[in-house]
Amino acid sequence: MRRVVITGLGVVSPLGVGVEVFWDSLTRGVPGVRRISRFDPSGLPSQMAGEIPNFDPLQYLPRRDVVRTDLFIQYALAAAQEAIADAKLRLEGQRDRVGVSVGSSVGGLPLLLRSYDQFLAEGSEGVSPYALPGLLPNMAAGWISMRAGARGPIAAAATACAAGNQAIGDAFRAIQRGEADAMLAGGTDALIHPIIIAGFCALRALSRRNADPERASRPFDAGRDGFVLAEGAGVLVLEALDIAQERGAHVYAELVGYGVSADAHHPTAPSTEGPARAMSLALADAGLRPEDIDYVNAHGTSTPHNDINETRAIKEAFGSHAHQLAVSSTKSMTGHLIGAAGAVEAIATALALERGLVPPTINYESPDPECDLDYVPNSARKARIRAAISNGFAFGGTNATLVFRRADATSHHGDTSG
Amino acid sequence: MDIPDLEARIKGILTNRLGMNASDIRMNSRLTDELGMDSLDAVELAIATERQFGISISDEDVAKLVTVADIAGLVHRLTQEQRGSA
């Protein structure tokens, strides 16, 4: 099977637009959560979110595309554009060998609701022909393929909070199997809307620390009371190692393993066994042992249940090595980007490997006795990471783990691949 | 409704609803070849124009539009006709 490396990154997150501002904020511990400004959140139990500061789609897209797309597509297009430029990926002459795999949880729900309002007001004639192509969850992938001219395999995972990880995992497999030489892979979501906030509040999933938004997302801290909804997109250029080497591309990290499992347990409550098995499967897929891993970018949502459960699952998968791991949740800064979370966190993990710096878990003030791992509290840490995993767990009991290895390990120890 | 006002409102639809660049739009601009109008845009144009001018436009009428001026001509004709029938 072909080996797969990461050669380009693009991100739109509450920390800003672009990889460098993202990484700078992430390693300085800057929170991206604020009181919601898109609408008046008074009356909602949770009134904060990770909105994208100053996102102007016209900076990235022609007006013709902006009027036809909901925000989740616009974020994805902006991230894809950055990733392609970063990778210096040229598609001419190889369009059929470049694919797209970009996930989303529900796509353009806000546009669907606006269209429904128009339907109620004006009947069928009031519904724009732009509505459905602008909101279907696979249309982020579709628009990226159109804009980039990528005609290879196309896919759109819709597995909620695991969609980003699954989209990247699916792209990884497509290159391994030889179906594509390069894939634009990631996730996107733009769900800061009263109905989504209300829905998550009904599940008691969101933080209500409204008086102190910047400190509301506090994974693994004893005072955590839920996650903070955020939005954005992450897109990575994944490429066959041989092709990347041939064209002299910069390699951020190697993607070496992917594991997926189902809890078969409950619509929203997690199991420990399912996530632990996803991590073990991913390690086995990578041909790595638990002690080869130095860093875990945790799913770490800041809900009371997830963080205890994920801690237990990490201990189950890693055994005694669990206490040697650096485990951090970048959601402490970005909030939870739902279908984009896995993609944005894959970018954070690739950069941590490349730059030898582990982003912290901020807002970590009081230890929870049931969360007893090393969460890299509050300050980034220099560390020569050999390999890392990134977790994404979702409603429906979907667990997806990606395994990354440092790029210099890729060139010097290529024969260790599984 | 005078003609300059009608033309300005049609340009407004093309820029605001279809996202075309105002500077690209002349009255003799060809909708498909020059302004990139596709089948989705044609429906959006029809919906927006019906709302804006309070007229009813058939798919056949839309299919015959070639230039921006044709839209103005169609709206002018339909407002006369449908005012009479209303």
# chains A, B, ... in the order shown; residues from 1 in each chain; ligands from 1
call {"tool": "select_by_dssp", "arguments": {"residues": "segment 35-237 of chain A", "states": "strand (DSSP E or B)", "output": "number ranges by chain"}}
result
A: 35, 48-50, 98-103, 154-155, 182-189, 206, 221, 227, 229-230, 232-237
call {"tool": "write_last_selection", "arguments": {"atoms": "C-alpha atoms", "output": "mmCIF file, in the first residue's frame"}}
result
data_model
loop_
_atom_site.group_PDB
_atom_site.id
_atom_site.type_symbol
_atom_site.label_atom_id
_atom_site.label_comp_id
_atom_site.auth_asym_id
_atom_site.auth_seq_id
_atom_site.Cartn_x
_atom_site.Cartn_y
_atom_site.Cartn_z
ATOM 1 C CA ARG A 35 -20.667 35.978 23.433
ATOM 2 C CA MET A 48 -21.502 31.963 23.603
ATOM 3 C CA ALA A 49 -19.811 30.363 20.642
ATOM 4 C CA GLY A 50 -16.670 30.223 18.585
ATOM 5 C CA VAL A 98 -6.898 14.276 -7.217
ATOM 6 C CA GLY A 99 -10.018 13.734 -5.122
ATOM 7 C CA VAL A 100 -11.990 15.438 -2.378
ATOM 8 C CA SER A 101 -13.250 14.047 0.924
ATOM 9 C CA VAL A 102 -14.803 16.754 3.083
ATOM 10 C CA GLY A 103 -17.347 16.006 5.781
ATOM 11 C CA ILE A 154 -15.278 12.344 -3.994
ATOM 12 C CA ALA A 155 -16.872 11.677 -0.603
ATOM 13 C CA ALA A 182 -3.733 13.329 -3.718
ATOM 14 C CA MET A 183 -6.874 14.148 -1.761
ATOM 15 C CA LEU A 184 -8.255 17.384 -0.381
ATOM 16 C CA ALA A 185 -9.564 16.130 2.929
ATOM 17 C CA GLY A 186 -11.216 17.674 5.943
ATOM 18 C CA GLY A 187 -14.447 18.939 7.400
ATOM 19 C CA THR A 188 -16.620 22.007 7.684
ATOM 20 C CA ASP A 189 -19.609 23.248 9.647
ATOM 21 C CA LEU A 206 -23.507 23.059 26.097
ATOM 22 C CA ASP A 221 -11.132 20.653 34.355
ATOM 23 C CA PHE A 227 -18.954 22.201 25.257
ATOM 24 C CA LEU A 229 -20.377 25.394 19.816
ATOM 25 C CA ALA A 230 -17.991 26.722 17.187
ATOM 26 C CA GLY A 232 -15.157 26.756 10.657
ATOM 27 C CA ALA A 233 -13.359 24.385 8.335
ATOM 28 C CA GLY A 234 -10.096 22.546 7.990
ATOM 29 C CA VAL A 235 -8.715 21.091 4.771
ATOM 30 C CA LEU A 236 -5.501 19.093 4.392
ATOM 31 C CA VAL A 237 -3.728 18.075 1.220
#
call {"tool": "closest_atom_pairs", "arguments": {"of": "chain A", "to": "chain B", "cutoff": "7 Å", "atoms": "only C-alpha atoms", "output": "Markdown table"}}
result
| residue | atom | partner | partner_atom | distance |
| --- | --- | --- | --- | --- |
| A:Arg63 | CA | B:Gly19 | CA | 4.7 |
| A:Arg64 | CA | B:Gly19 | CA | 4.3 |
| A:Val67 | CA | B:Gly19 | CA | 5.8 |
| A:Ser128 | CA | B:Glu44 | CA | 6.0 |
| A:Pro129 | CA | B:Leu40 | CA | 5.6 |
| A:Tyr130 | CA | B:Leu40 | CA | 6.6 |
call {"tool": "select_by_dssp", "arguments": {"residues": "chain B", "states": "alpha helix (DSSP H)", "output": "NGL selection string"}}
result
:B and (3-12 or 39-53 or 59-63 or 68-85)
call {"tool": "write_last_selection", "arguments": {"atoms": "C-alpha atoms", "output": "CSV table (one decimal), in the first residue's frame"}}
result
chain,number,residue,atom,x,y,z
B,3,ILE,CA,-37.0,52.8,-18.7
B,4,PRO,CA,-33.8,53.9,-16.8
B,5,ASP,CA,-35.6,53.0,-13.5
B,6,LEU,CA,-36.5,49.6,-15.0
B,7,GLU,CA,-33.0,49.0,-16.2
B,8,ALA,CA,-31.5,49.9,-12.8
B,9,ARG,CA,-33.8,47.5,-11.0
B,10,ILE,CA,-32.9,44.7,-13.3
B,11,LYS,CA,-29.2,45.4,-12.8
B,12,GLY,CA,-29.9,45.3,-9.1
B,39,SER,CA,-30.0,27.2,-15.5
B,40,LEU,CA,-30.1,27.9,-11.7
B,41,ASP,CA,-29.5,31.6,-12.3
B,42,ALA,CA,-32.3,31.7,-14.9
B,43,VAL,CA,-34.8,30.4,-12.3
B,44,GLU,CA,-33.5,32.7,-9.6
B,45,LEU,CA,-33.8,35.6,-12.1
B,46,ALA,CA,-37.4,34.7,-12.9
B,47,ILE,CA,-38.4,34.5,-9.2
B,48,ALA,CA,-36.7,37.7,-8.3
B,49,THR,CA,-38.1,39.6,-11.3
B,50,GLU,CA,-41.6,38.3,-10.6
B,51,ARG,CA,-41.4,39.6,-7.0
B,52,GLN,CA,-39.8,42.9,-7.9
B,53,PHE,CA,-42.3,43.8,-10.6
B,59,ASP,CA,-40.3,29.3,-18.3
B,60,GLU,CA,-40.7,29.8,-22.1
B,61,ASP,CA,-40.2,33.6,-21.7
B,62,VAL,CA,-37.1,33.0,-19.6
B,63,ALA,CA,-35.7,30.6,-22.2
B,68,VAL,CA,-30.0,42.2,-20.3
B,69,ALA,CA,-32.0,44.4,-22.6
B,70,ASP,CA,-34.3,41.4,-23.3
B,71,ILE,CA,-35.1,41.2,-19.6
B,72,ALA,CA,-36.1,44.9,-19.6
B,73,GLY,CA,-38.2,44.3,-22.7
B,74,LEU,CA,-39.9,41.3,-21.2
B,75,VAL,CA,-40.7,43.1,-18.0
B,76,HIS,CA,-42.0,46.1,-19.9
B,77,ARG,CA,-44.3,44.0,-22.1
B,78,LEU,CA,-45.6,41.8,-19.2
B,79,THR,CA,-46.3,44.8,-16.9
B,80,GLN,CA,-48.4,46.3,-19.7
B,81,GLU,CA,-50.2,43.0,-20.5
B,82,GLN,CA,-50.8,41.8,-16.9
B,83,ARG,CA,-51.8,45.2,-15.7
B,84,GLY,CA,-54.5,45.0,-18.3
B,85,SER,CA,-55.7,41.6,-17.2
call {"tool": "residues_around", "arguments": {"residues": "segment 215-219 of chain A", "least_positions_apart": "3", "cutoff": "6 Å", "atoms": "only C-alpha atoms", "output": "PDB file with N, CA and C atoms, in the first residue's frame"}}
result
ATOM      1  N   ARG A 209     -21.751  28.816  31.046  1.00  0.00           N
ATOM      2  CA  ARG A 209     -20.895  29.780  31.738  1.00  0.00           C
ATOM      3  C   ARG A 209     -20.926  31.115  30.981  1.00  0.00           C
ATOM      4  N   ASP A 212     -18.723  34.258  31.515  1.00  0.00           N
ATOM      5  CA  ASP A 212     -17.275  34.164  31.342  1.00  0.00           C
ATOM      6  C   ASP A 212     -16.955  33.312  30.106  1.00  0.00           C
ATOM      7  N   ARG A 224     -15.807  21.996  34.470  1.00  0.00           N
ATOM      8  CA  ARG A 224     -16.386  22.023  33.106  1.00  0.00           C
ATOM      9  C   ARG A 224     -17.893  21.725  33.180  1.00  0.00           C
ATOM     10  N   PHE A 227     -19.819  21.683  26.326  1.00  0.00           N
ATOM     11  CA  PHE A 227     -18.954  22.201  25.257  1.00  0.00           C
ATOM     12  C   PHE A 227     -19.453  23.550  24.786  1.00  0.00           C
ATOM     13  N   VAL A 228     -18.633  24.197  23.970  1.00  0.00           N
ATOM     14  CA  VAL A 228     -19.008  25.472  23.358  1.00  0.00           C
ATOM     15  C   VAL A 228     -19.058  25.255  21.851  1.00  0.00           C
ATOM     16  N   GLY A 300     -11.853  15.595  23.730  1.00  0.00           N
ATOM     17  CA  GLY A 300     -11.866  16.616  24.798  1.00  0.00           C
ATOM     18  C   GLY A 300     -12.877  17.731  24.649  1.00  0.00           C
ATOM     19  N   THR A 301     -14.150  17.409  24.706  1.00  0.00           N
ATOM     20  CA  THR A 301     -15.167  18.415  24.385  1.00  0.00           C
ATOM     21  C   THR A 301     -15.444  19.405  25.497  1.00  0.00           C
ATOM     22  N   SER A 302     -15.114  18.994  26.743  1.00  0.00           N
ATOM     23  CA  SER A 302     -15.463  19.792  27.933  1.00  0.00           C
ATOM     24  C   SER A 302     -16.853  19.446  28.467  1.00  0.00           C
ATOM     25  N   SER A 332     -10.342  23.611  23.894  1.00  0.00           N
ATOM     26  CA  SER A 332     -10.331  24.606  24.967  1.00  0.00           C
ATOM     27  C   SER A 332     -10.181  26.011  24.391  1.00  0.00           C
ATOM     28  N   ASN A 363      -7.681  26.928  30.336  1.00  0.00           N
ATOM     29  CA  ASN A 363      -8.762  26.975  31.341  1.00  0.00           C
ATOM     30  C   ASN A 363      -8.724  25.766  32.273  1.00  0.00           C
TER      31      ASN A 363
END
call {"tool": "atom_distance", "arguments": {"atom1": "atom CA of Arg97 of chain A", "atom2": "atom CA of Asp181 of chain A"}}
result
5.4 Å
call {"tool": "atom_distance", "arguments": {"atom1": "atom CA of His266 of chain A", "atom2": "atom CA of Glu345 of chain A"}}
result
25.3 Å
